[in-house]
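One file, protein-v3.cif, is given below (mmCIF, C-alpha atoms).
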```cif
data_data
#
loop_
_atom_site.group_PDB
_atom_site.id
_atom_site.type_symbol
_atom_site.label_atom_id
_atom_site.label_comp_id
_atom_site.auth_asym_id
_atom_site.auth_seq_id
_atom_site.Cartn_x
_atom_site.Cartn_y
_atom_site.Cartn_z
ATOM 1 C CA MET A 15 9.394 -27.170 -4.274
ATOM 2 C CA LEU A 16 8.049 -29.904 -6.516
ATOM 3 C CA ALA A 17 4.398 -30.247 -7.453
ATOM 4 C CA SER A 18 4.455 -33.789 -6.031
ATOM 5 C CA GLN A 19 5.291 -32.441 -2.560
ATOM 6 C CA VAL A 20 2.182 -30.265 -2.489
ATOM 7 C CA ILE A 21 -0.018 -33.018 -3.908
ATOM 8 C CA ASP A 22 1.288 -35.500 -1.324
ATOM 9 C CA SER A 23 0.422 -33.088 1.494
ATOM 10 C CA ALA A 24 -3.053 -32.551 0.048
ATOM 11 C CA THR A 25 -3.756 -36.278 -0.234
ATOM 12 C CA GLU A 26 -2.858 -36.651 3.440
ATOM 13 C CA LEU A 27 -5.421 -34.056 4.459
ATOM 14 C CA LEU A 28 -7.965 -35.579 2.114
ATOM 15 C CA GLN A 29 -7.248 -38.990 3.703
ATOM 16 C CA ASP A 30 -6.942 -40.407 0.205
ATOM 17 C CA GLU A 31 -3.292 -41.502 0.070
ATOM 18 C CA GLY A 32 -4.147 -44.136 -2.554
ATOM 19 C CA ASN A 33 -5.795 -41.461 -4.707
ATOM 20 C CA VAL A 34 -8.923 -43.555 -5.059
ATOM 21 C CA ARG A 35 -11.438 -40.700 -4.703
ATOM 22 C CA TRP A 36 -9.388 -37.913 -6.235
ATOM 23 C CA VAL A 37 -6.887 -38.871 -8.926
ATOM 24 C CA ARG A 38 -3.543 -37.090 -8.952
ATOM 25 C CA ALA A 39 -4.133 -35.608 -12.400
ATOM 26 C CA ASP A 40 -7.081 -33.647 -10.982
ATOM 27 C CA LEU A 41 -5.008 -32.555 -7.993
ATOM 28 C CA LEU A 42 -2.292 -31.293 -10.333
ATOM 29 C CA GLY A 43 -4.856 -29.281 -12.283
ATOM 30 C CA TRP A 44 -6.183 -27.727 -9.087
ATOM 31 C CA LEU A 45 -2.615 -26.965 -8.029
ATOM 32 C CA ASN A 46 -2.145 -24.937 -11.205
ATOM 33 C CA ASP A 47 -5.458 -23.146 -10.594
ATOM 34 C CA GLY A 48 -4.266 -22.445 -7.070
ATOM 35 C CA GLN A 49 -1.032 -20.875 -8.287
ATOM 36 C CA LEU A 50 -3.014 -18.419 -10.370
ATOM 37 C CA GLN A 51 -5.397 -17.635 -7.511
ATOM 38 C CA VAL A 52 -2.451 -16.942 -5.198
ATOM 39 C CA VAL A 53 -1.205 -14.271 -7.593
ATOM 40 C CA VAL A 54 -4.705 -12.806 -7.956
ATOM 41 C CA VAL A 55 -4.884 -12.340 -4.177
ATOM 42 C CA ARG A 56 -1.177 -11.581 -3.709
ATOM 43 C CA PRO A 57 0.078 -9.857 -6.901
ATOM 44 C CA ASP A 58 3.575 -9.714 -5.401
ATOM 45 C CA ALA A 59 3.767 -13.523 -5.212
ATOM 46 C CA LYS A 60 5.037 -13.743 -8.803
ATOM 47 C CA THR A 61 6.566 -10.626 -10.305
ATOM 48 C CA PHE A 62 8.641 -9.552 -13.265
ATOM 49 C CA THR A 63 10.874 -6.494 -13.302
ATOM 50 C CA GLY A 64 12.459 -5.273 -16.491
ATOM 51 C CA PRO A 65 12.359 -2.850 -19.403
ATOM 52 C CA LEU A 66 9.030 -2.025 -21.008
ATOM 53 C CA ALA A 67 9.024 -0.415 -24.440
ATOM 54 C CA LEU A 68 6.315 2.239 -24.624
ATOM 55 C CA VAL A 69 4.031 2.975 -27.543
ATOM 56 C CA ALA A 70 3.558 6.515 -28.808
ATOM 57 C CA GLY A 71 1.031 8.423 -26.717
ATOM 58 C CA PRO A 72 -0.112 8.615 -23.064
ATOM 59 C CA LEU A 73 -1.843 5.227 -22.681
ATOM 60 C CA GLN A 74 0.418 2.247 -22.032
ATOM 61 C CA ALA A 75 -0.001 -1.426 -21.113
ATOM 62 C CA ILE A 76 2.138 -4.086 -19.497
ATOM 63 C CA SER A 77 3.403 -7.003 -21.556
ATOM 64 C CA SER A 78 1.182 -9.950 -22.400
ATOM 65 C CA GLY A 79 1.230 -12.511 -19.611
ATOM 66 C CA GLY A 80 1.168 -9.776 -16.988
ATOM 67 C CA LEU A 81 -1.731 -9.540 -14.554
ATOM 68 C CA ARG A 82 -1.301 -6.228 -12.747
ATOM 69 C CA LEU A 83 1.059 -3.262 -12.821
ATOM 70 C CA LEU A 84 2.923 -2.836 -9.533
ATOM 71 C CA ASP A 85 5.363 0.002 -10.204
ATOM 72 C CA VAL A 86 7.050 2.116 -12.848
ATOM 73 C CA THR A 87 10.411 2.998 -11.361
ATOM 74 C CA ARG A 88 12.482 4.925 -13.882
ATOM 75 C CA ASN A 89 13.380 5.621 -17.461
ATOM 76 C CA VAL A 90 15.725 2.938 -18.730
ATOM 77 C CA GLY A 91 19.173 4.401 -18.134
ATOM 78 C CA GLY A 92 17.698 7.645 -16.813
ATOM 79 C CA ARG A 93 15.740 9.524 -14.173
ATOM 80 C CA ALA A 94 13.188 8.198 -11.731
ATOM 81 C CA ILE A 95 9.479 8.271 -12.531
ATOM 82 C CA THR A 96 6.947 9.312 -9.893
ATOM 83 C CA LEU A 97 3.348 8.199 -9.377
ATOM 84 C CA ILE A 98 0.701 10.933 -9.444
ATOM 85 C CA THR A 99 -3.064 10.991 -9.893
ATOM 86 C CA ARG A 100 -4.678 11.922 -13.171
ATOM 87 C CA GLN A 101 -6.671 14.574 -11.321
ATOM 88 C CA GLN A 102 -3.446 16.253 -10.160
ATOM 89 C CA LEU A 103 -2.274 16.519 -13.749
ATOM 90 C CA ASN A 104 -5.695 17.594 -15.008
ATOM 91 C CA ASP A 105 -5.711 20.439 -12.483
ATOM 92 C CA LEU A 106 -2.397 21.695 -13.871
ATOM 93 C CA ASN A 107 -3.039 21.181 -17.552
ATOM 94 C CA THR A 108 -6.230 19.791 -19.039
ATOM 95 C CA ALA A 109 -4.533 19.506 -22.430
ATOM 96 C CA TRP A 110 -1.731 17.229 -21.223
ATOM 97 C CA PHE A 111 -3.012 14.352 -23.358
ATOM 98 C CA THR A 112 -1.996 16.296 -26.464
ATOM 99 C CA THR A 113 1.448 17.355 -25.228
ATOM 100 C CA THR A 114 4.301 16.586 -27.615
ATOM 101 C CA GLY A 115 5.666 13.116 -27.015
ATOM 102 C CA LYS A 116 8.983 12.674 -25.216
ATOM 103 C CA THR A 117 11.310 9.749 -24.611
ATOM 104 C CA ALA A 118 11.963 10.883 -21.015
ATOM 105 C CA ILE A 119 8.924 10.151 -18.826
ATOM 106 C CA LYS A 120 8.349 12.155 -15.621
ATOM 107 C CA HIS A 121 5.172 10.713 -14.097
ATOM 108 C CA TYR A 122 2.788 7.798 -14.426
ATOM 109 C CA MET A 123 -0.854 7.394 -13.404
ATOM 110 C CA PHE A 124 -2.619 4.164 -12.424
ATOM 111 C CA ASP A 125 -6.287 3.286 -12.031
ATOM 112 C CA ASP A 126 -7.170 0.146 -10.023
ATOM 113 C CA ARG A 127 -10.093 -0.515 -12.343
ATOM 114 C CA PHE A 128 -7.689 -1.136 -15.243
ATOM 115 C CA PRO A 129 -4.789 -3.063 -13.657
ATOM 116 C CA LYS A 130 -2.957 -3.791 -16.912
ATOM 117 C CA GLU A 131 -2.848 -0.165 -18.083
ATOM 118 C CA PHE A 132 -1.274 3.125 -17.039
ATOM 119 C CA HIS A 133 -0.886 6.639 -18.413
ATOM 120 C CA CYS A 134 2.430 8.428 -18.656
ATOM 121 C CA TYR A 135 3.434 12.096 -18.743
ATOM 122 C CA PRO A 136 4.631 13.468 -20.954
ATOM 123 C CA PRO A 137 3.045 11.197 -23.539
ATOM 124 C CA ALA A 138 5.646 8.767 -24.815
ATOM 125 C CA ALA A 139 7.454 9.198 -28.080
ATOM 126 C CA VAL A 140 8.634 6.282 -30.184
ATOM 127 C CA GLY A 141 11.736 4.842 -28.526
ATOM 128 C CA ALA A 142 10.698 5.574 -24.939
ATOM 129 C CA SER A 143 11.429 2.724 -22.525
ATOM 130 C CA VAL A 144 10.852 2.438 -18.777
ATOM 131 C CA GLU A 145 11.722 -0.006 -16.036
ATOM 132 C CA ALA A 146 8.507 -1.457 -14.636
ATOM 133 C CA ARG A 147 7.352 -4.207 -12.306
ATOM 134 C CA TRP A 148 4.176 -6.233 -12.694
ATOM 135 C CA SER A 149 2.621 -9.421 -11.408
ATOM 136 C CA ALA A 150 2.949 -12.334 -13.808
ATOM 137 C CA VAL A 151 1.081 -15.549 -14.527
ATOM 138 C CA PRO A 152 2.886 -18.505 -12.887
ATOM 139 C CA VAL A 153 4.132 -21.199 -15.243
ATOM 140 C CA PRO A 154 1.772 -24.188 -14.832
ATOM 141 C CA CYS A 155 3.143 -27.568 -13.813
ATOM 142 C CA VAL A 156 2.788 -30.147 -16.581
ATOM 143 C CA ALA A 157 4.073 -33.024 -14.444
ATOM 144 C CA GLU A 158 4.479 -33.672 -10.736
ATOM 145 C CA THR A 159 8.249 -33.485 -11.164
ATOM 146 C CA ASP A 160 7.970 -29.823 -12.197
ATOM 147 C CA VAL A 161 9.072 -27.099 -9.789
ATOM 148 C CA ILE A 162 6.219 -24.865 -8.674
ATOM 149 C CA ASP A 163 6.597 -21.321 -9.977
ATOM 150 C CA LEU A 164 5.982 -19.705 -6.576
ATOM 151 C CA ASP A 165 8.037 -19.312 -3.425
ATOM 152 C CA ASP A 166 7.975 -22.262 -0.999
ATOM 153 C CA THR A 167 6.170 -20.085 1.562
ATOM 154 C CA TYR A 168 2.956 -20.552 -0.440
ATOM 155 C CA LYS A 169 2.902 -24.335 0.016
ATOM 156 C CA SER A 170 0.214 -24.321 2.728
ATOM 157 C CA ALA A 171 -2.002 -22.030 0.680
ATOM 158 C CA LEU A 172 -1.713 -24.331 -2.341
ATOM 159 C CA VAL A 173 -2.532 -27.396 -0.244
ATOM 160 C CA ASP A 174 -5.619 -25.619 1.110
ATOM 161 C CA TYR A 175 -6.703 -24.668 -2.396
ATOM 162 C CA ILE A 176 -6.419 -28.246 -3.671
ATOM 163 C CA CYS A 177 -8.490 -29.523 -0.744
ATOM 164 C CA TYR A 178 -11.056 -26.761 -1.288
ATOM 165 C CA ARG A 179 -11.514 -27.823 -4.911
ATOM 166 C CA ALA A 180 -11.588 -31.514 -4.034
ATOM 167 C CA PHE A 181 -14.413 -31.170 -1.513
ATOM 168 C CA LEU A 182 -16.200 -28.648 -3.741
ATOM 169 C CA ARG A 183 -16.654 -31.410 -6.311
ATOM 170 C CA ASP A 184 -18.667 -33.314 -3.682
ATOM 171 C CA SER A 185 -20.559 -30.217 -2.529
ATOM 172 C CA GLU A 186 -23.940 -31.947 -2.857
ATOM 173 C CA ALA A 187 -23.130 -33.453 0.541
ATOM 174 C CA PRO A 188 -23.487 -30.806 3.281
ATOM 175 C CA SER A 189 -20.400 -32.077 5.110
ATOM 176 C CA SER A 190 -18.268 -31.802 1.974
ATOM 177 C CA LEU A 191 -19.515 -28.286 1.265
ATOM 178 C CA ALA A 192 -18.649 -27.236 4.813
ATOM 179 C CA ARG A 193 -15.147 -28.697 4.531
ATOM 180 C CA SER A 194 -14.695 -27.040 1.140
ATOM 181 C CA ASN A 195 -15.631 -23.648 2.614
ATOM 182 C CA ALA A 196 -13.294 -24.204 5.550
ATOM 183 C CA PHE A 197 -10.334 -24.879 3.252
ATOM 184 C CA LEU A 198 -11.204 -21.842 1.131
ATOM 185 C CA GLN A 199 -11.228 -19.661 4.252
ATOM 186 C CA SER A 200 -7.890 -21.135 5.313
ATOM 187 C CA PHE A 201 -6.477 -20.421 1.849
ATOM 188 C CA MET A 202 -7.548 -16.780 1.998
ATOM 189 C CA LEU A 203 -6.401 -16.344 5.600
ATOM 190 C CA SER A 204 -2.946 -17.706 4.859
ATOM 191 C CA LEU A 205 -2.520 -15.137 2.082
ATOM 192 C CA THR A 206 -3.965 -12.132 3.910
ATOM 193 C CA GLY A 207 -2.085 -13.105 7.070
ATOM 194 C CA LYS A 208 1.130 -13.209 5.079
ATOM 195 C CA THR A 209 0.351 -9.730 3.774
ATOM 196 C CA ASN A 210 0.072 -8.393 7.326
ATOM 197 C CA ALA A 211 3.279 -10.155 8.374
ATOM 198 C CA ASP A 212 5.162 -8.781 5.367
ATOM 199 C CA GLN A 213 3.952 -5.258 6.132
ATOM 200 C CA ALA A 214 5.100 -5.565 9.742
ATOM 201 C CA ALA A 215 8.546 -6.834 8.729
ATOM 202 C CA LYS A 216 9.294 -4.524 5.799
ATOM 203 C CA PRO A 217 12.238 -2.088 6.109
ATOM 204 C CA LYS A 218 11.366 1.218 7.752
ATOM 205 C CA ARG A 219 13.180 4.455 8.384
ATOM 206 C CA ASP A 220 14.172 5.015 12.010
ATOM 207 C CA PRO A 221 12.266 7.862 13.695
ATOM 208 C CA ALA A 222 14.116 11.156 13.475
#
```

Would you mind giving the structure from this file in structure tokens?
Amino acid sequence: MLASQVIDSATELLQDEGNVRWVRADLLGWLNDGQLQVVVVRPDAKTFTGPLALVAGPLQAISSGGLRLLDVTRNVGGRAITLITRQQLNDLNTAWFTTTGKTAIKHYMFDDRFPKEFHCYPPAAVGASVEARWSAVPVPCVAETDVIDLDDTYKSALVDYICYRAFLRDSEAPSSLARSNAFLQSFMLSLTGKTNADQAAKPKRDPA
């Protein structure tokens, strides 16, 4: 999907096909802002899965450009890694932070308050590497001929976001503020509604 396709749809809703009130350069900028906001609300909208080299010790971080850790699946070339809570590990061994480092990781711990970080057990030794998945920053569109760095299913959300920002610029007028809020609500609803639809359609085990 090209950036121009989303911008064209937005100009239709804005009833500004000649781009007299809102120039296309502004719409392109808001499109890029919208891509980032989509990933903030839906971290799974743009993901990266691959090897992550660990630093020595228990505290780790995803690569630069990542927004939020989604999963740590396994040691590269080795066994699976399971998610546990830090409290579970503390209950078993309060000194686990000082355990000798290993290259084979058994568990990882994640705290929502620090989305770019996680702890691993045992603490990592130099050379440890895991397969992880995290949400990534979409590549911004420099020109309207650029392909948007999100799936085509997010087109409506991006159109809503552009219109929200366009009317927000005229928010001194009560009617424009109301229309801006309406497009923002539509943007959020399209993303949360997609979440519910994805949950309903995801693969499930048949009842025993």

*Can you tell me, as a ChimeraX atom specification, what residues are no more than 6 Å from range 119-134 of chain A when counting all atoms listed in the file, ignoring any on the same chain fewer than 6 positions away?*
/A:72-76,82-83,95-100

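In this comparison, which uses all atoms listed in the file, the residue of A:Thr114, A:Ser143, A:Ser189, A:Ser204 approaching Ser170 in chain A most closely is A:Ser204.
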
*Have a look at CA of Asn195 in chain A and CA of Asp174 in chain A and let me know their distance in Å, one decimal.*
10.3 Å

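When CA of Pro136 in chain A is paired with CA of Phe62 in chain A, their separation reads 24.6 Å.
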
Long-range neighbours of range 49-55 of chain A as a short mmCIF file (atom, residue, chain, number, x, y, z; two decimals) with C-alpha atoms, keeping the file's coordinate frame, 7 Å cut-off, only C-alpha atoms, 3 positions minimum in chain:
```cif
data_model
loop_
_atom_site.label_atom_id
_atom_site.label_comp_id
_atom_site.auth_asym_id
_atom_site.auth_seq_id
_atom_site.Cartn_x
_atom_site.Cartn_y
_atom_site.Cartn_z
CA LEU A 45 -2.62 -26.96 -8.03
CA ASN A 46 -2.14 -24.94 -11.20
CA ASP A 58 3.58 -9.71 -5.40
CA ALA A 59 3.77 -13.52 -5.21
CA LYS A 60 5.04 -13.74 -8.80
CA VAL A 151 1.08 -15.55 -14.53
CA PRO A 152 2.89 -18.50 -12.89
CA LEU A 172 -1.71 -24.33 -2.34
#
```

*Expressed in Å to a single decimal, how great is the separation between CA of Leu16 in chain A and CA of Val161 in chain A?*
4.4 Å

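Using all atoms listed in the file, the smallest distance between any of A:Tyr168, A:Thr117, A:Gln101, A:Ile21 and Asn33 in chain A comes from A:Ile21.
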
Regenerate range 80-98 of chain A at the level of N, CA, C and O atoms and dump it as a PDB file, in the coordinates of the input.
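Listed below is the output, part05.pdb:
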```
ATOM      1  N   GLY A  80       1.215 -10.505 -18.247  1.00  0.00           N
ATOM      2  CA  GLY A  80       1.168  -9.776 -16.988  1.00  0.00           C
ATOM      3  C   GLY A  80      -0.259  -9.679 -16.481  1.00  0.00           C
ATOM      4  O   GLY A  80      -1.213  -9.674 -17.259  1.00  0.00           O
ATOM      5  N   LEU A  81      -0.405  -9.612 -15.161  1.00  0.00           N
ATOM      6  CA  LEU A  81      -1.731  -9.540 -14.554  1.00  0.00           C
ATOM      7  C   LEU A  81      -2.051  -8.160 -13.993  1.00  0.00           C
ATOM      8  O   LEU A  81      -3.184  -7.698 -14.081  1.00  0.00           O
ATOM      9  N   ARG A  82      -1.040  -7.504 -13.413  1.00  0.00           N
ATOM     10  CA  ARG A  82      -1.301  -6.228 -12.747  1.00  0.00           C
ATOM     11  C   ARG A  82      -0.018  -5.418 -12.631  1.00  0.00           C
ATOM     12  O   ARG A  82       1.015  -5.954 -12.194  1.00  0.00           O
ATOM     13  N   LEU A  83      -0.085  -4.154 -12.999  1.00  0.00           N
ATOM     14  CA  LEU A  83       1.059  -3.262 -12.821  1.00  0.00           C
ATOM     15  C   LEU A  83       1.299  -3.018 -11.342  1.00  0.00           C
ATOM     16  O   LEU A  83       0.366  -2.768 -10.580  1.00  0.00           O
ATOM     17  N   LEU A  84       2.563  -3.093 -10.924  1.00  0.00           N
ATOM     18  CA  LEU A  84       2.923  -2.836  -9.533  1.00  0.00           C
ATOM     19  C   LEU A  84       3.697  -1.534  -9.367  1.00  0.00           C
ATOM     20  O   LEU A  84       3.528  -0.831  -8.381  1.00  0.00           O
ATOM     21  N   ASP A  85       4.548  -1.205 -10.338  1.00  0.00           N
ATOM     22  CA  ASP A  85       5.363   0.002 -10.204  1.00  0.00           C
ATOM     23  C   ASP A  85       6.009   0.340 -11.541  1.00  0.00           C
ATOM     24  O   ASP A  85       6.279  -0.544 -12.353  1.00  0.00           O
ATOM     25  N   VAL A  86       6.218   1.627 -11.747  1.00  0.00           N
ATOM     26  CA  VAL A  86       7.050   2.116 -12.848  1.00  0.00           C
ATOM     27  C   VAL A  86       8.147   2.926 -12.179  1.00  0.00           C
ATOM     28  O   VAL A  86       7.878   3.977 -11.604  1.00  0.00           O
ATOM     29  N   THR A  87       9.362   2.431 -12.211  1.00  0.00           N
ATOM     30  CA  THR A  87      10.411   2.998 -11.361  1.00  0.00           C
ATOM     31  C   THR A  87      11.210   4.113 -12.004  1.00  0.00           C
ATOM     32  O   THR A  87      11.482   5.140 -11.389  1.00  0.00           O
ATOM     33  N   ARG A  88      11.603   3.927 -13.264  1.00  0.00           N
ATOM     34  CA  ARG A  88      12.482   4.925 -13.882  1.00  0.00           C
ATOM     35  C   ARG A  88      12.506   4.751 -15.389  1.00  0.00           C
ATOM     36  O   ARG A  88      12.034   3.750 -15.920  1.00  0.00           O
ATOM     37  N   ASN A  89      13.054   5.769 -16.056  1.00  0.00           N
ATOM     38  CA  ASN A  89      13.380   5.621 -17.461  1.00  0.00           C
ATOM     39  C   ASN A  89      14.583   4.698 -17.572  1.00  0.00           C
ATOM     40  O   ASN A  89      15.499   4.757 -16.747  1.00  0.00           O
ATOM     41  N   VAL A  90      14.584   3.833 -18.558  1.00  0.00           N
ATOM     42  CA  VAL A  90      15.725   2.938 -18.730  1.00  0.00           C
ATOM     43  C   VAL A  90      16.976   3.775 -18.963  1.00  0.00           C
ATOM     44  O   VAL A  90      17.058   4.567 -19.897  1.00  0.00           O
ATOM     45  N   GLY A  91      17.939   3.638 -18.041  1.00  0.00           N
ATOM     46  CA  GLY A  91      19.173   4.401 -18.134  1.00  0.00           C
ATOM     47  C   GLY A  91      19.046   5.855 -17.737  1.00  0.00           C
ATOM     48  O   GLY A  91      19.974   6.645 -17.948  1.00  0.00           O
ATOM     49  N   GLY A  92      17.900   6.234 -17.125  1.00  0.00           N
ATOM     50  CA  GLY A  92      17.698   7.645 -16.813  1.00  0.00           C
ATOM     51  C   GLY A  92      17.024   7.899 -15.490  1.00  0.00           C
ATOM     52  O   GLY A  92      17.119   7.103 -14.552  1.00  0.00           O
ATOM     53  N   ARG A  93      16.295   9.003 -15.415  1.00  0.00           N
ATOM     54  CA  ARG A  93      15.740   9.524 -14.173  1.00  0.00           C
ATOM     55  C   ARG A  93      14.572   8.696 -13.668  1.00  0.00           C
ATOM     56  O   ARG A  93      13.927   7.939 -14.410  1.00  0.00           O
ATOM     57  N   ALA A  94      14.306   8.886 -12.368  1.00  0.00           N
ATOM     58  CA  ALA A  94      13.188   8.198 -11.731  1.00  0.00           C
ATOM     59  C   ALA A  94      11.862   8.742 -12.243  1.00  0.00           C
ATOM     60  O   ALA A  94      11.764   9.880 -12.720  1.00  0.00           O
ATOM     61  N   ILE A  95      10.836   7.911 -12.136  1.00  0.00           N
ATOM     62  CA  ILE A  95       9.479   8.271 -12.531  1.00  0.00           C
ATOM     63  C   ILE A  95       8.606   8.226 -11.291  1.00  0.00           C
ATOM     64  O   ILE A  95       8.671   7.277 -10.505  1.00  0.00           O
ATOM     65  N   THR A  96       7.778   9.239 -11.089  1.00  0.00           N
ATOM     66  CA  THR A  96       6.947   9.312  -9.893  1.00  0.00           C
ATOM     67  C   THR A  96       5.480   9.039 -10.225  1.00  0.00           C
ATOM     68  O   THR A  96       5.015   9.327 -11.331  1.00  0.00           O
ATOM     69  N   LEU A  97       4.771   8.490  -9.240  1.00  0.00           N
ATOM     70  CA  LEU A  97       3.348   8.199  -9.377  1.00  0.00           C
ATOM     71  C   LEU A  97       2.537   9.415  -8.940  1.00  0.00           C
ATOM     72  O   LEU A  97       2.729   9.951  -7.849  1.00  0.00           O
ATOM     73  N   ILE A  98       1.623   9.856  -9.787  1.00  0.00           N
ATOM     74  CA  ILE A  98       0.701  10.933  -9.444  1.00  0.00           C
ATOM     75  C   ILE A  98      -0.706  10.505  -9.860  1.00  0.00           C
ATOM     76  O   ILE A  98      -0.879   9.490 -10.525  1.00  0.00           O
TER      77      ILE A  98
END
```
